[in-house]
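Coordinates as given in coords-v4.cif (mmCIF, C-alpha atoms):
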data_coords
#
loop_
_atom_site.label_atom_id
_atom_site.label_comp_id
_atom_site.auth_asym_id
_atom_site.auth_seq_id
_atom_site.Cartn_x
_atom_site.Cartn_y
_atom_site.Cartn_z
CA MET A 1 49.42 26.99 -40.78
CA LEU A 2 46.40 24.71 -40.54
CA GLN A 3 46.25 25.26 -36.78
CA ALA A 4 46.42 29.05 -37.26
CA LEU A 5 43.56 28.88 -39.76
CA ILE A 6 41.46 26.87 -37.35
CA ARG A 7 42.15 29.42 -34.58
CA ARG A 8 41.13 32.32 -36.87
CA VAL A 9 37.90 30.60 -37.88
CA ALA A 10 37.08 29.80 -34.25
CA ASN A 11 37.84 33.35 -33.15
CA GLY A 12 35.70 34.65 -35.98
CA ASP A 13 32.80 32.49 -34.88
CA ARG A 14 33.09 33.73 -31.30
CA ALA A 15 33.29 37.33 -32.49
CA ALA A 16 30.12 36.85 -34.55
CA GLU A 17 28.38 35.34 -31.51
CA ALA A 18 29.48 38.26 -29.35
CA THR A 19 28.14 40.89 -31.76
CA GLU A 20 24.90 39.02 -32.58
CA THR A 21 21.78 40.53 -30.99
CA LYS A 22 20.47 38.17 -28.34
CA LYS A 23 16.95 36.92 -29.04
CA PRO A 24 14.38 37.05 -26.25
CA PRO A 25 13.71 33.66 -24.67
CA ALA A 26 10.97 31.62 -26.34
CA LYS A 27 7.59 31.51 -24.60
CA ALA A 28 7.22 28.35 -22.60
CA SER A 29 4.65 25.93 -23.98
CA ILE A 30 2.59 25.11 -20.90
CA GLY A 31 0.24 22.12 -20.77
CA LEU A 32 -2.50 21.47 -18.24
CA ALA A 33 -3.67 17.90 -17.57
CA LEU A 34 -6.93 17.86 -15.59
CA GLY A 35 -7.80 14.53 -14.00
CA GLY A 36 -11.12 12.78 -13.50
CA GLY A 37 -12.99 12.50 -10.22
CA ALA A 38 -16.69 13.42 -10.66
CA ALA A 39 -17.80 16.00 -8.05
CA ARG A 40 -14.22 16.45 -6.87
CA GLY A 41 -13.58 18.00 -10.28
CA PHE A 42 -14.95 21.34 -9.12
CA ALA A 43 -11.51 21.73 -7.52
CA HIS A 44 -10.20 22.34 -11.05
CA ILE A 45 -12.01 25.70 -10.99
CA GLY A 46 -9.91 26.81 -8.03
CA VAL A 47 -6.75 25.60 -9.79
CA LEU A 48 -7.53 27.59 -12.94
CA ARG A 49 -8.42 30.72 -10.96
CA ILE A 50 -5.05 30.79 -9.17
CA LEU A 51 -3.07 30.05 -12.33
CA LYS A 52 -4.80 32.93 -14.09
CA ALA A 53 -4.21 35.25 -11.13
CA TYR A 54 -0.47 34.64 -11.54
CA GLY A 55 -0.60 35.18 -15.31
CA ILE A 56 -0.16 31.50 -16.13
CA GLU A 57 -2.30 30.56 -19.13
CA PRO A 58 -1.84 27.09 -20.65
CA ASP A 59 -1.23 26.63 -24.37
CA VAL A 60 -2.48 23.04 -24.20
CA VAL A 61 -5.45 21.81 -22.12
CA VAL A 62 -6.22 18.11 -21.86
CA GLY A 63 -8.87 16.65 -19.58
CA THR A 64 -10.40 13.36 -18.56
CA SER A 65 -14.04 13.11 -17.47
CA ILE A 66 -14.90 16.08 -15.21
CA GLY A 67 -11.44 17.42 -16.02
CA ALA A 68 -12.47 17.61 -19.68
CA VAL A 69 -15.69 19.41 -18.74
CA VAL A 70 -13.96 22.08 -16.63
CA GLY A 71 -11.13 22.41 -19.15
CA GLY A 72 -13.63 22.78 -21.99
CA CYS A 73 -15.55 25.48 -20.14
CA TYR A 74 -12.30 27.30 -19.37
CA ILE A 75 -10.99 27.26 -22.93
CA THR A 76 -14.35 28.46 -24.35
CA GLY A 77 -14.60 31.33 -21.87
CA GLN A 78 -17.47 29.75 -19.93
CA LEU A 79 -15.71 29.12 -16.62
CA ASP A 80 -17.60 31.91 -14.80
CA ASN A 81 -20.94 30.49 -15.92
CA PHE A 82 -19.87 26.98 -14.98
CA GLN A 83 -18.82 28.14 -11.51
CA ASP A 84 -22.12 30.00 -10.99
CA TRP A 85 -23.98 26.85 -12.00
CA SER A 86 -21.91 24.71 -9.62
CA HIS A 87 -22.72 27.07 -6.73
CA SER A 88 -26.44 26.72 -7.45
CA LEU A 89 -26.45 22.92 -7.09
CA THR A 90 -28.23 21.39 -4.13
CA LYS A 91 -28.84 17.71 -3.35
CA ARG A 92 -32.29 17.96 -4.90
CA GLY A 93 -30.96 20.02 -7.81
CA VAL A 94 -28.42 17.32 -8.63
CA LEU A 95 -31.23 14.75 -8.88
CA SER A 96 -32.95 16.85 -11.53
CA TYR A 97 -30.02 16.19 -13.89
CA LEU A 98 -30.02 12.41 -13.35
CA ASP A 99 -32.57 11.19 -15.91
CA ILE A 100 -33.14 7.51 -15.17
CA SER A 101 -32.90 5.11 -18.14
CA MET A 102 -33.75 1.64 -16.84
CA GLY A 103 -33.90 0.05 -20.29
CA GLY A 104 -30.71 1.52 -21.75
CA SER A 105 -27.00 0.77 -21.46
CA GLY A 106 -26.62 3.02 -18.40
CA LEU A 107 -28.67 4.03 -15.37
CA ILE A 108 -28.68 7.65 -16.56
CA SER A 109 -29.22 8.75 -20.16
CA GLY A 110 -27.38 12.03 -19.62
CA GLY A 111 -29.70 14.04 -21.85
CA ARG A 112 -30.47 16.74 -19.28
CA LEU A 113 -26.84 17.35 -18.42
CA SER A 114 -25.92 17.38 -22.11
CA ALA A 115 -28.63 19.96 -22.79
CA ARG A 116 -27.19 22.18 -20.05
CA LEU A 117 -23.72 21.93 -21.64
CA GLU A 118 -25.11 22.68 -25.10
CA GLU A 119 -26.83 25.75 -23.73
CA ALA A 120 -23.46 27.04 -22.50
CA LEU A 121 -21.09 25.82 -25.23
CA GLY A 122 -23.34 25.65 -28.29
CA ASP A 123 -21.76 24.17 -31.42
CA ALA A 124 -18.19 25.28 -30.63
CA LEU A 125 -15.66 23.12 -32.51
CA ILE A 126 -12.49 21.85 -30.84
CA GLU A 127 -10.34 22.68 -33.88
CA GLU A 128 -11.42 26.35 -33.67
CA LEU A 129 -10.57 26.86 -29.98
CA PRO A 130 -7.88 29.44 -29.02
CA ALA A 131 -5.61 26.76 -27.51
CA ARG A 132 -5.02 23.08 -28.20
CA PHE A 133 -7.59 20.88 -26.46
CA ALA A 134 -8.32 17.19 -26.13
CA ALA A 135 -10.86 15.20 -24.13
CA ILE A 136 -9.84 11.64 -23.25
CA ALA A 137 -12.29 8.77 -23.74
CA THR A 138 -12.13 4.96 -23.88
CA GLU A 139 -13.47 2.82 -26.71
CA LEU A 140 -15.71 -0.04 -25.63
CA GLY A 141 -14.62 -3.45 -26.85
CA THR A 142 -11.05 -2.56 -27.79
CA GLY A 143 -10.05 -0.47 -24.75
CA HIS A 144 -8.37 2.05 -27.06
CA GLU A 145 -7.45 5.39 -25.50
CA ILE A 146 -9.22 7.96 -27.69
CA TRP A 147 -8.09 11.60 -27.87
CA LEU A 148 -11.02 13.69 -29.05
CA THR A 149 -9.42 16.61 -30.87
CA ARG A 150 -12.01 17.35 -33.58
CA GLY A 151 -15.72 18.09 -33.76
CA ARG A 152 -18.18 19.60 -31.32
CA ILE A 153 -16.69 20.06 -27.88
CA VAL A 154 -20.03 19.15 -26.23
CA ASP A 155 -19.96 15.69 -27.84
CA ALA A 156 -16.35 15.16 -26.75
CA LEU A 157 -17.18 16.10 -23.15
CA ARG A 158 -20.15 13.72 -23.05
CA ALA A 159 -17.99 10.84 -24.18
CA SER A 160 -15.21 11.68 -21.73
CA TYR A 161 -17.47 11.61 -18.64
CA ALA A 162 -19.67 8.63 -19.65
CA LEU A 163 -18.99 6.55 -16.53
CA PRO A 164 -19.67 2.91 -17.54
CA GLY A 165 -22.93 1.55 -16.17
CA ILE A 166 -23.98 5.00 -14.91
CA PHE A 167 -24.12 7.10 -18.10
CA THR A 168 -24.96 5.64 -21.49
CA PRO A 169 -22.01 5.35 -23.92
CA VAL A 170 -21.61 7.96 -26.66
CA ARG A 171 -21.11 7.08 -30.33
CA LEU A 172 -18.59 9.30 -32.14
CA GLY A 173 -16.90 8.57 -35.47
CA GLY A 174 -18.15 4.99 -35.52
CA ARG A 175 -16.84 4.18 -32.03
CA TRP A 176 -18.76 3.67 -28.79
CA LEU A 177 -16.98 5.69 -26.13
CA VAL A 178 -17.04 5.81 -22.32
CA ASP A 179 -15.16 7.57 -19.53
CA GLY A 180 -11.48 8.21 -20.28
CA ALA A 181 -10.48 7.53 -16.68
CA LEU A 182 -10.53 3.82 -17.51
CA VAL A 183 -7.26 4.25 -19.41
CA ASN A 184 -5.76 7.67 -18.59
CA PRO A 185 -7.16 9.36 -15.47
CA VAL A 186 -4.57 12.20 -15.43
CA PRO A 187 -3.61 12.68 -19.11
CA VAL A 188 -0.04 13.98 -18.86
CA SER A 189 1.05 11.94 -21.89
CA ALA A 190 -1.61 13.53 -24.10
CA ALA A 191 -0.61 17.05 -23.04
CA ARG A 192 3.01 16.34 -23.98
CA ALA A 193 2.03 14.79 -27.31
CA LEU A 194 0.01 17.91 -28.17
CA GLY A 195 3.10 20.08 -27.80
CA ALA A 196 3.42 21.01 -24.13
CA ARG A 197 7.05 21.36 -23.00
CA MET A 198 6.05 21.69 -19.35
CA VAL A 199 2.98 19.95 -17.91
CA ILE A 200 1.04 20.91 -14.79
CA ALA A 201 -1.20 18.01 -13.76
CA VAL A 202 -4.06 17.88 -11.26
CA ASN A 203 -4.79 14.55 -9.57
CA LEU A 204 -8.15 14.63 -7.77
CA ASN A 205 -7.79 11.22 -6.14
CA SER A 206 -4.41 11.43 -4.43
CA ASP A 207 -6.04 11.77 -1.00
CA MET A 208 -7.39 8.22 -0.98
CA LEU A 209 -5.25 7.26 2.02
CA GLY A 210 -5.00 3.54 2.80
CA ARG A 211 -5.94 2.40 -0.70
CA GLY A 212 -3.93 -0.30 -2.39
CA ALA A 213 -2.56 -2.04 0.70
CA THR A 214 -2.16 -5.84 0.85
CA ILE A 215 -4.05 -7.76 3.55
CA SER A 216 -1.94 -10.89 3.78
CA SER A 217 -4.24 -12.94 6.03
CA HIS A 218 -8.02 -12.71 6.21
CA GLY A 219 -11.06 -14.89 6.94
CA PRO A 220 -14.66 -14.88 8.25
CA ASP A 221 -15.74 -13.58 11.66
CA GLU A 222 -18.85 -13.70 13.90
CA ALA A 223 -20.36 -10.52 12.44
CA ASP A 224 -20.70 -11.94 8.92
CA ALA A 225 -24.07 -13.66 9.56
CA GLU A 226 -25.63 -10.46 10.94
CA ALA A 227 -24.30 -8.42 8.03
CA LEU A 228 -25.80 -10.92 5.57
CA ARG A 229 -29.17 -10.76 7.35
CA GLN A 230 -29.22 -6.95 7.11
CA LEU A 231 -28.37 -7.03 3.41
CA ARG A 232 -31.20 -9.49 2.72
CA ALA A 233 -33.65 -7.34 4.67
CA GLN A 234 -32.53 -4.29 2.74
CA ALA A 235 -32.97 -6.10 -0.59
CA ASP A 236 -36.51 -7.19 0.39
CA ALA A 237 -37.44 -3.63 1.37
CA SER A 238 -36.30 -2.08 -1.92
CA GLY A 239 -38.58 -3.95 -4.32
CA LEU A 240 -39.49 -2.30 -7.63
CA SER A 241 -43.22 -2.65 -6.91
CA ILE A 242 -43.04 0.71 -5.12
CA PHE A 243 -40.42 2.14 -7.49
CA ASN A 244 -40.00 5.89 -7.28
CA PRO A 245 -37.27 7.46 -9.47
CA GLU A 246 -36.29 10.15 -6.96
CA ARG A 247 -36.13 7.67 -4.07
CA PHE A 248 -34.05 5.35 -6.27
CA LEU A 249 -31.55 8.12 -7.08
CA LYS A 250 -31.23 9.23 -3.47
CA ARG A 251 -30.64 5.68 -2.31
CA HIS A 252 -28.06 4.92 -4.99
CA PHE A 253 -26.20 8.19 -5.50
CA ILE A 254 -26.60 10.46 -2.47
CA ASN A 255 -26.07 9.19 1.07
CA ALA A 256 -26.01 5.58 -0.08
CA ALA A 257 -27.57 2.89 2.07
CA ARG A 258 -25.64 1.08 4.82
CA GLY A 259 -24.80 -1.96 2.74
CA PRO A 260 -23.19 -1.91 -0.71
CA ASN A 261 -25.66 -1.46 -3.56
CA ILE A 262 -25.05 -1.82 -7.28
CA SER A 263 -24.10 1.81 -7.88
CA SER A 264 -21.83 2.11 -4.86
CA ILE A 265 -20.08 -1.14 -5.87
CA MET A 266 -19.57 0.11 -9.42
CA ILE A 267 -18.31 3.51 -8.26
CA ASP A 268 -15.95 2.08 -5.64
CA ALA A 269 -14.58 -0.42 -8.14
CA PHE A 270 -14.07 2.42 -10.60
CA ASN A 271 -12.29 4.45 -7.89
CA ILE A 272 -9.92 1.59 -7.09
CA MET A 273 -9.17 0.99 -10.76
CA GLN A 274 -8.65 4.70 -11.43
CA ASP A 275 -6.28 5.03 -8.46
CA ARG A 276 -4.14 2.09 -9.64
CA VAL A 277 -4.06 3.29 -13.26
CA THR A 278 -3.18 6.83 -12.16
CA ARG A 279 -0.23 5.63 -10.07
CA SER A 280 1.08 3.54 -12.94
CA ARG A 281 0.68 6.25 -15.60
CA LEU A 282 2.22 9.02 -13.47
CA ALA A 283 5.15 6.77 -12.53
CA GLY A 284 5.90 6.16 -16.20
CA ASP A 285 5.25 9.73 -17.38
CA PRO A 286 5.33 12.12 -14.40
CA ALA A 287 4.13 15.70 -14.65
CA ASP A 288 6.62 18.54 -14.22
CA VAL A 289 4.38 19.86 -11.43
CA LEU A 290 1.68 17.75 -9.78
CA ILE A 291 -1.12 19.50 -7.88
CA SER A 292 -2.88 17.15 -5.45
CA PRO A 293 -5.91 18.73 -3.72
CA ARG A 294 -6.90 16.99 -0.47
CA LEU A 295 -10.41 15.93 -1.53
CA GLY A 296 -10.81 12.70 0.43
CA LYS A 297 -13.82 14.00 2.37
CA ILE A 298 -15.75 14.89 -0.78
CA GLY A 299 -17.61 11.98 -2.35
CA LEU A 300 -17.83 11.33 -6.07
CA PHE A 301 -21.47 12.46 -6.12
CA ASP A 302 -21.21 15.35 -3.65
CA PHE A 303 -21.93 17.86 -6.40
CA HIS A 304 -23.68 20.09 -3.88
CA ARG A 305 -20.27 20.72 -2.24
CA ALA A 306 -18.81 22.66 -5.15
CA LYS A 307 -17.71 25.60 -2.98
CA ASP A 308 -15.74 23.28 -0.71
CA ALA A 309 -14.03 21.58 -3.65
CA ILE A 310 -13.16 24.91 -5.30
CA ALA A 311 -11.63 26.19 -2.06
CA ILE A 312 -9.53 23.02 -1.70
CA GLY A 313 -8.31 23.36 -5.30
CA THR A 314 -7.45 27.00 -4.68
CA HIS A 315 -5.43 26.17 -1.59
CA ALA A 316 -3.54 23.32 -3.28
CA THR A 317 -2.54 25.54 -6.21
CA GLU A 318 -1.40 28.36 -3.96
CA ARG A 319 0.91 25.87 -2.24
CA ALA A 320 2.32 24.77 -5.60
CA ILE A 321 2.65 28.18 -7.26
CA GLU A 322 6.35 28.70 -6.49
CA GLU A 323 7.19 25.28 -7.90
CA ILE A 324 5.16 26.12 -11.03
CA LYS A 325 6.96 29.45 -11.49
CA ASP A 326 10.35 27.76 -11.06
CA ALA A 327 9.45 25.15 -13.69
CA ILE A 328 8.36 27.84 -16.16
CA ALA A 329 11.52 29.84 -15.49
CA ALA A 330 13.64 26.77 -16.19
CA LEU A 331 12.10 26.53 -19.67
CA THR A 332 12.69 30.16 -20.57
#
Using the file provided, produce a representation of the structure as structure tokens.
Amino acid sequence: MLQALIRRVANGDRAAEATETKKPPAKASIGLALGGGAARGFAHIGVLRILKAYGIEPDVVVGTSIGAVVGGCYITGQLDNFQDWSHSLTKRGVLSYLDISMGGSGLISGGRLSARLEEALGDALIEELPARFAAIATELGTGHEIWLTRGRIVDALRASYALPGIFTPVRLGGRWLVDGALVNPVPVSAARALGARMVIAVNLNSDMLGRGATISSHGPDEADAEALRQLRAQADASGLSIFNPERFLKRHFINAARGPNISSIMIDAFNIMQDRVTRSRLAGDPADVLISPRLGKIGLFDFHRAKDAIAIGTHATERAIEEIKDAIAALT
């Protein structure tokens, strides 16, 4: 009798399931993690354009450094204006945004660039945006990974792209903050934590071929003495007695001199660190779909090559679109 009762209950459950109206599948919660990479970040524009063309609009947008800037412009409806501005940049135009600050905690104060962002984004608050947004920054001293999810979006973007030694740090909520790429260059983990079930990530530095190898045996050679002589001659020729801000910026940020200078050393060290951190973070928390534009020929400060970077981002996303659609379909 007990077995018969169990069968009737089970059959009743199945009958109820069969007659129940099927609910439409839930909308996939899509997250977009936009990585850092300075001028290479214009590729994010191409990524966003293709995603939108295929009707893919993220519910969560998280960005680091230039990724935060492009993501912030996208989520506030300013992507068209940002793209127009990027197309207008020339080598000389880029210099006009680099306001030298020799006595501060960075070579560039960042005031001019911040003013341009404020002109576009105004006092828009992150908590009032139409989708969830976070800009990733790093706290000086502690190394804490800071997710900026409240307050003015302009302030969050400034903190996220404050490259140490280049831009001055930004103080927010009692913390001094610098570029988020120090701790999370491609913030997949943050996108997941903010509710994304499926994360599309964009890594701007995957094309750094040959990085990270081990040279197991190395020593001096005959060319070292000549290289040292050239570096000394270069140092003697660049004295501050004839200091000219524009000449300084050209020498240090655009078409850098033959030998390593302070800015190129800092930037290359930052690149190496960012590449190693990115590999480690993505290995531990991989994206569902990783878009990797081939941007190796575009330098960190080649802001005048925005059209090239956008085209490369467009092409990389077109290659990945079927994989993205399959991942979304798997969720729904």
Can you turn the PyMOL selection byres ((chain A and resi 274) around 10) into a concrete residue list for this file, as a PDB file with C-alpha atoms, in the coordinates of the input?
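Once everything was written out, this is part.pdb:
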ATOM      1  CA  GLY A  36     -11.120  12.780 -13.500  1.00  0.00           C
ATOM      2  CA  GLY A  37     -12.990  12.500 -10.220  1.00  0.00           C
ATOM      3  CA  GLY A 180     -11.480   8.210 -20.280  1.00  0.00           C
ATOM      4  CA  ALA A 181     -10.480   7.530 -16.680  1.00  0.00           C
ATOM      5  CA  LEU A 182     -10.530   3.820 -17.510  1.00  0.00           C
ATOM      6  CA  VAL A 183      -7.260   4.250 -19.410  1.00  0.00           C
ATOM      7  CA  ASN A 184      -5.760   7.670 -18.590  1.00  0.00           C
ATOM      8  CA  PRO A 185      -7.160   9.360 -15.470  1.00  0.00           C
ATOM      9  CA  VAL A 186      -4.570  12.200 -15.430  1.00  0.00           C
ATOM     10  CA  ASN A 205      -7.790  11.220  -6.140  1.00  0.00           C
ATOM     11  CA  ASP A 268     -15.950   2.080  -5.640  1.00  0.00           C
ATOM     12  CA  ALA A 269     -14.580  -0.420  -8.140  1.00  0.00           C
ATOM     13  CA  PHE A 270     -14.070   2.420 -10.600  1.00  0.00           C
ATOM     14  CA  ASN A 271     -12.290   4.450  -7.890  1.00  0.00           C
ATOM     15  CA  ILE A 272      -9.920   1.590  -7.090  1.00  0.00           C
ATOM     16  CA  MET A 273      -9.170   0.990 -10.760  1.00  0.00           C
ATOM     17  CA  ASP A 275      -6.280   5.030  -8.460  1.00  0.00           C
ATOM     18  CA  ARG A 276      -4.140   2.090  -9.640  1.00  0.00           C
ATOM     19  CA  VAL A 277      -4.060   3.290 -13.260  1.00  0.00           C
ATOM     20  CA  THR A 278      -3.180   6.830 -12.160  1.00  0.00           C
ATOM     21  CA  ARG A 279      -0.230   5.630 -10.070  1.00  0.00           C
ATOM     22  CA  SER A 280       1.080   3.540 -12.940  1.00  0.00           C
TER      23      SER A 280
END
#### Entry: Picked residues, the PyMOL selection byres ((chain A and resi 76-93) around 7), expected as JSON, numbers by chain
{"A": [72, 73, 74, 75, 94, 95, 96, 129, 303, 304, 306, 307]}
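Ranking A:Leu48, A:Ala53, A:Ala233, A:Ala135 by their shortest atom-to-atom distance to Ile66 (chain A), with all atoms listed in the file included, puts A:Ala135 first.
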Would you kindly translate the PyMOL selection byres ((chain A and resi 132) around 10) into the concrete residues it picks from this file, as a short mmCIF file (atom, residue, chain, number, x, y, z; two decimals) with C-alpha atoms, in the frame of the given file?
data_model
loop_
_atom_site.label_atom_id
_atom_site.label_comp_id
_atom_site.auth_asym_id
_atom_site.auth_seq_id
_atom_site.Cartn_x
_atom_site.Cartn_y
_atom_site.Cartn_z
CA GLY A 31 0.24 22.12 -20.77
CA PRO A 58 -1.84 27.09 -20.65
CA ASP A 59 -1.23 26.63 -24.37
CA VAL A 60 -2.48 23.04 -24.20
CA VAL A 61 -5.45 21.81 -22.12
CA VAL A 62 -6.22 18.11 -21.86
CA ILE A 75 -10.99 27.26 -22.93
CA ILE A 126 -12.49 21.85 -30.84
CA GLU A 127 -10.34 22.68 -33.88
CA GLU A 128 -11.42 26.35 -33.67
CA LEU A 129 -10.57 26.86 -29.98
CA PRO A 130 -7.88 29.44 -29.02
CA ALA A 131 -5.61 26.76 -27.51
CA PHE A 133 -7.59 20.88 -26.46
CA ALA A 134 -8.32 17.19 -26.13
CA THR A 149 -9.42 16.61 -30.87
CA ALA A 191 -0.61 17.05 -23.04
CA LEU A 194 0.01 17.91 -28.17
CA GLY A 195 3.10 20.08 -27.80
CA ALA A 196 3.42 21.01 -24.13
#
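One finds CA of Ile265 (chain A) at 25.3 Å from CA of Asp308 (chain A).
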### Query
Between A:Ala43, A:Ala225, A:Ala33, A:Ala201, which has the minimum distance to Ile136 (chain A) (counting all atoms listed in the file)?
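Smallest distance to Ile136 (chain A) is found for A:Ala33.
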#### Entry: Interatomic distance, CA of Ser292 (chain A) to CA of Ala311 (chain A) (Å, one decimal)
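Answer for the CA of Ser292 (chain A) to CA of Ala311 (chain A) separation: 13.0 Å.
Atom to atom, CA of Gly110 (chain A) and CA of Phe167 (chain A) stand 6.1 Å apart.
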9 Å contact set for Leu34 (chain A), only C-alpha atoms, chain neighbours under 6 positions out, as an mmCIF file with C-alpha atoms, keeping the file's coordinate frame:
data_model
loop_
_atom_site.group_PDB
_atom_site.id
_atom_site.type_symbol
_atom_site.label_atom_id
_atom_site.label_comp_id
_atom_site.auth_asym_id
_atom_site.auth_seq_id
_atom_site.Cartn_x
_atom_site.Cartn_y
_atom_site.Cartn_z
ATOM 1 C CA GLY A 41 -13.580 18.000 -10.280
ATOM 2 C CA HIS A 44 -10.200 22.340 -11.050
ATOM 3 C CA VAL A 61 -5.450 21.810 -22.120
ATOM 4 C CA VAL A 62 -6.220 18.110 -21.860
ATOM 5 C CA GLY A 63 -8.870 16.650 -19.580
ATOM 6 C CA THR A 64 -10.400 13.360 -18.560
ATOM 7 C CA SER A 65 -14.040 13.110 -17.470
ATOM 8 C CA ILE A 66 -14.900 16.080 -15.210
ATOM 9 C CA GLY A 67 -11.440 17.420 -16.020
ATOM 10 C CA ALA A 68 -12.470 17.610 -19.680
ATOM 11 C CA VAL A 70 -13.960 22.080 -16.630
ATOM 12 C CA GLY A 71 -11.130 22.410 -19.150
ATOM 13 C CA PRO A 185 -7.160 9.360 -15.470
ATOM 14 C CA VAL A 186 -4.570 12.200 -15.430
ATOM 15 C CA PRO A 187 -3.610 12.680 -19.110
ATOM 16 C CA VAL A 188 -0.040 13.980 -18.860
ATOM 17 C CA ILE A 200 1.040 20.910 -14.790
ATOM 18 C CA ALA A 201 -1.200 18.010 -13.760
ATOM 19 C CA VAL A 202 -4.060 17.880 -11.260
ATOM 20 C CA ASN A 203 -4.790 14.550 -9.570
ATOM 21 C CA LEU A 204 -8.150 14.630 -7.770
#
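Restricting the calculation to only C-alpha atoms, the smallest distance between Val178 (chain A) and any of A:Leu157, A:Ser29, A:Ser206, A:Ala137 is found for A:Ala137.
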#### Entry: Shortest interatomic distance to Trp147 (chain A) - which of A:Leu163, A:Ala193, A:Ala330, A:Ala124, counting all atoms listed in the file
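The shortest atom-to-atom distance to Trp147 (chain A) comes from A:Ala193.
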Since the input has fewer atoms than a full residue there, write region 121-133 of chain A out with N, CA, C and O atoms, as a short mmCIF file (atom, residue, chain, number, x, y, z; two decimals), in the frame of the given file.
data_model
loop_
_atom_site.label_atom_id
_atom_site.label_comp_id
_atom_site.auth_asym_id
_atom_site.auth_seq_id
_atom_site.Cartn_x
_atom_site.Cartn_y
_atom_site.Cartn_z
N LEU A 121 -22.19 25.92 -24.27
CA LEU A 121 -21.09 25.82 -25.23
C LEU A 121 -21.54 25.84 -26.69
O LEU A 121 -20.71 26.06 -27.58
N GLY A 122 -22.83 25.61 -26.93
CA GLY A 122 -23.34 25.65 -28.29
C GLY A 122 -22.67 24.64 -29.19
O GLY A 122 -22.39 23.50 -28.80
N ASP A 123 -22.37 25.06 -30.43
CA ASP A 123 -21.76 24.17 -31.42
C ASP A 123 -20.28 24.46 -31.60
O ASP A 123 -19.71 24.24 -32.69
N ALA A 124 -19.62 24.96 -30.55
CA ALA A 124 -18.19 25.28 -30.63
C ALA A 124 -17.40 24.04 -31.04
O ALA A 124 -17.63 22.94 -30.53
N LEU A 125 -16.47 24.22 -31.99
CA LEU A 125 -15.66 23.12 -32.51
C LEU A 125 -14.29 23.13 -31.84
O LEU A 125 -13.67 24.19 -31.66
N ILE A 126 -13.78 21.95 -31.52
CA ILE A 126 -12.49 21.85 -30.84
C ILE A 126 -11.38 22.45 -31.70
O ILE A 126 -10.50 23.15 -31.19
N GLU A 127 -11.42 22.20 -33.01
CA GLU A 127 -10.34 22.68 -33.88
C GLU A 127 -10.32 24.20 -34.03
O GLU A 127 -9.36 24.76 -34.56
N GLU A 128 -11.37 24.90 -33.57
CA GLU A 128 -11.42 26.35 -33.67
C GLU A 128 -11.16 27.05 -32.33
O GLU A 128 -11.28 28.27 -32.23
N LEU A 129 -10.81 26.28 -31.30
CA LEU A 129 -10.57 26.86 -29.98
C LEU A 129 -9.24 27.64 -29.97
O LEU A 129 -8.35 27.37 -30.77
N PRO A 130 -9.09 28.59 -29.05
CA PRO A 130 -7.88 29.44 -29.02
C PRO A 130 -6.63 28.71 -28.54
O PRO A 130 -5.52 29.23 -28.69
N ALA A 131 -6.76 27.56 -27.94
CA ALA A 131 -5.61 26.76 -27.51
C ALA A 131 -5.89 25.30 -27.86
O ALA A 131 -7.03 24.92 -28.13
N ARG A 132 -4.84 24.49 -27.87
CA ARG A 132 -5.02 23.08 -28.20
C ARG A 132 -5.77 22.38 -27.07
O ARG A 132 -5.49 22.60 -25.89
N PHE A 133 -6.73 21.53 -27.45
CA PHE A 133 -7.59 20.88 -26.46
C PHE A 133 -7.85 19.45 -26.88
O PHE A 133 -7.98 19.14 -28.06
#
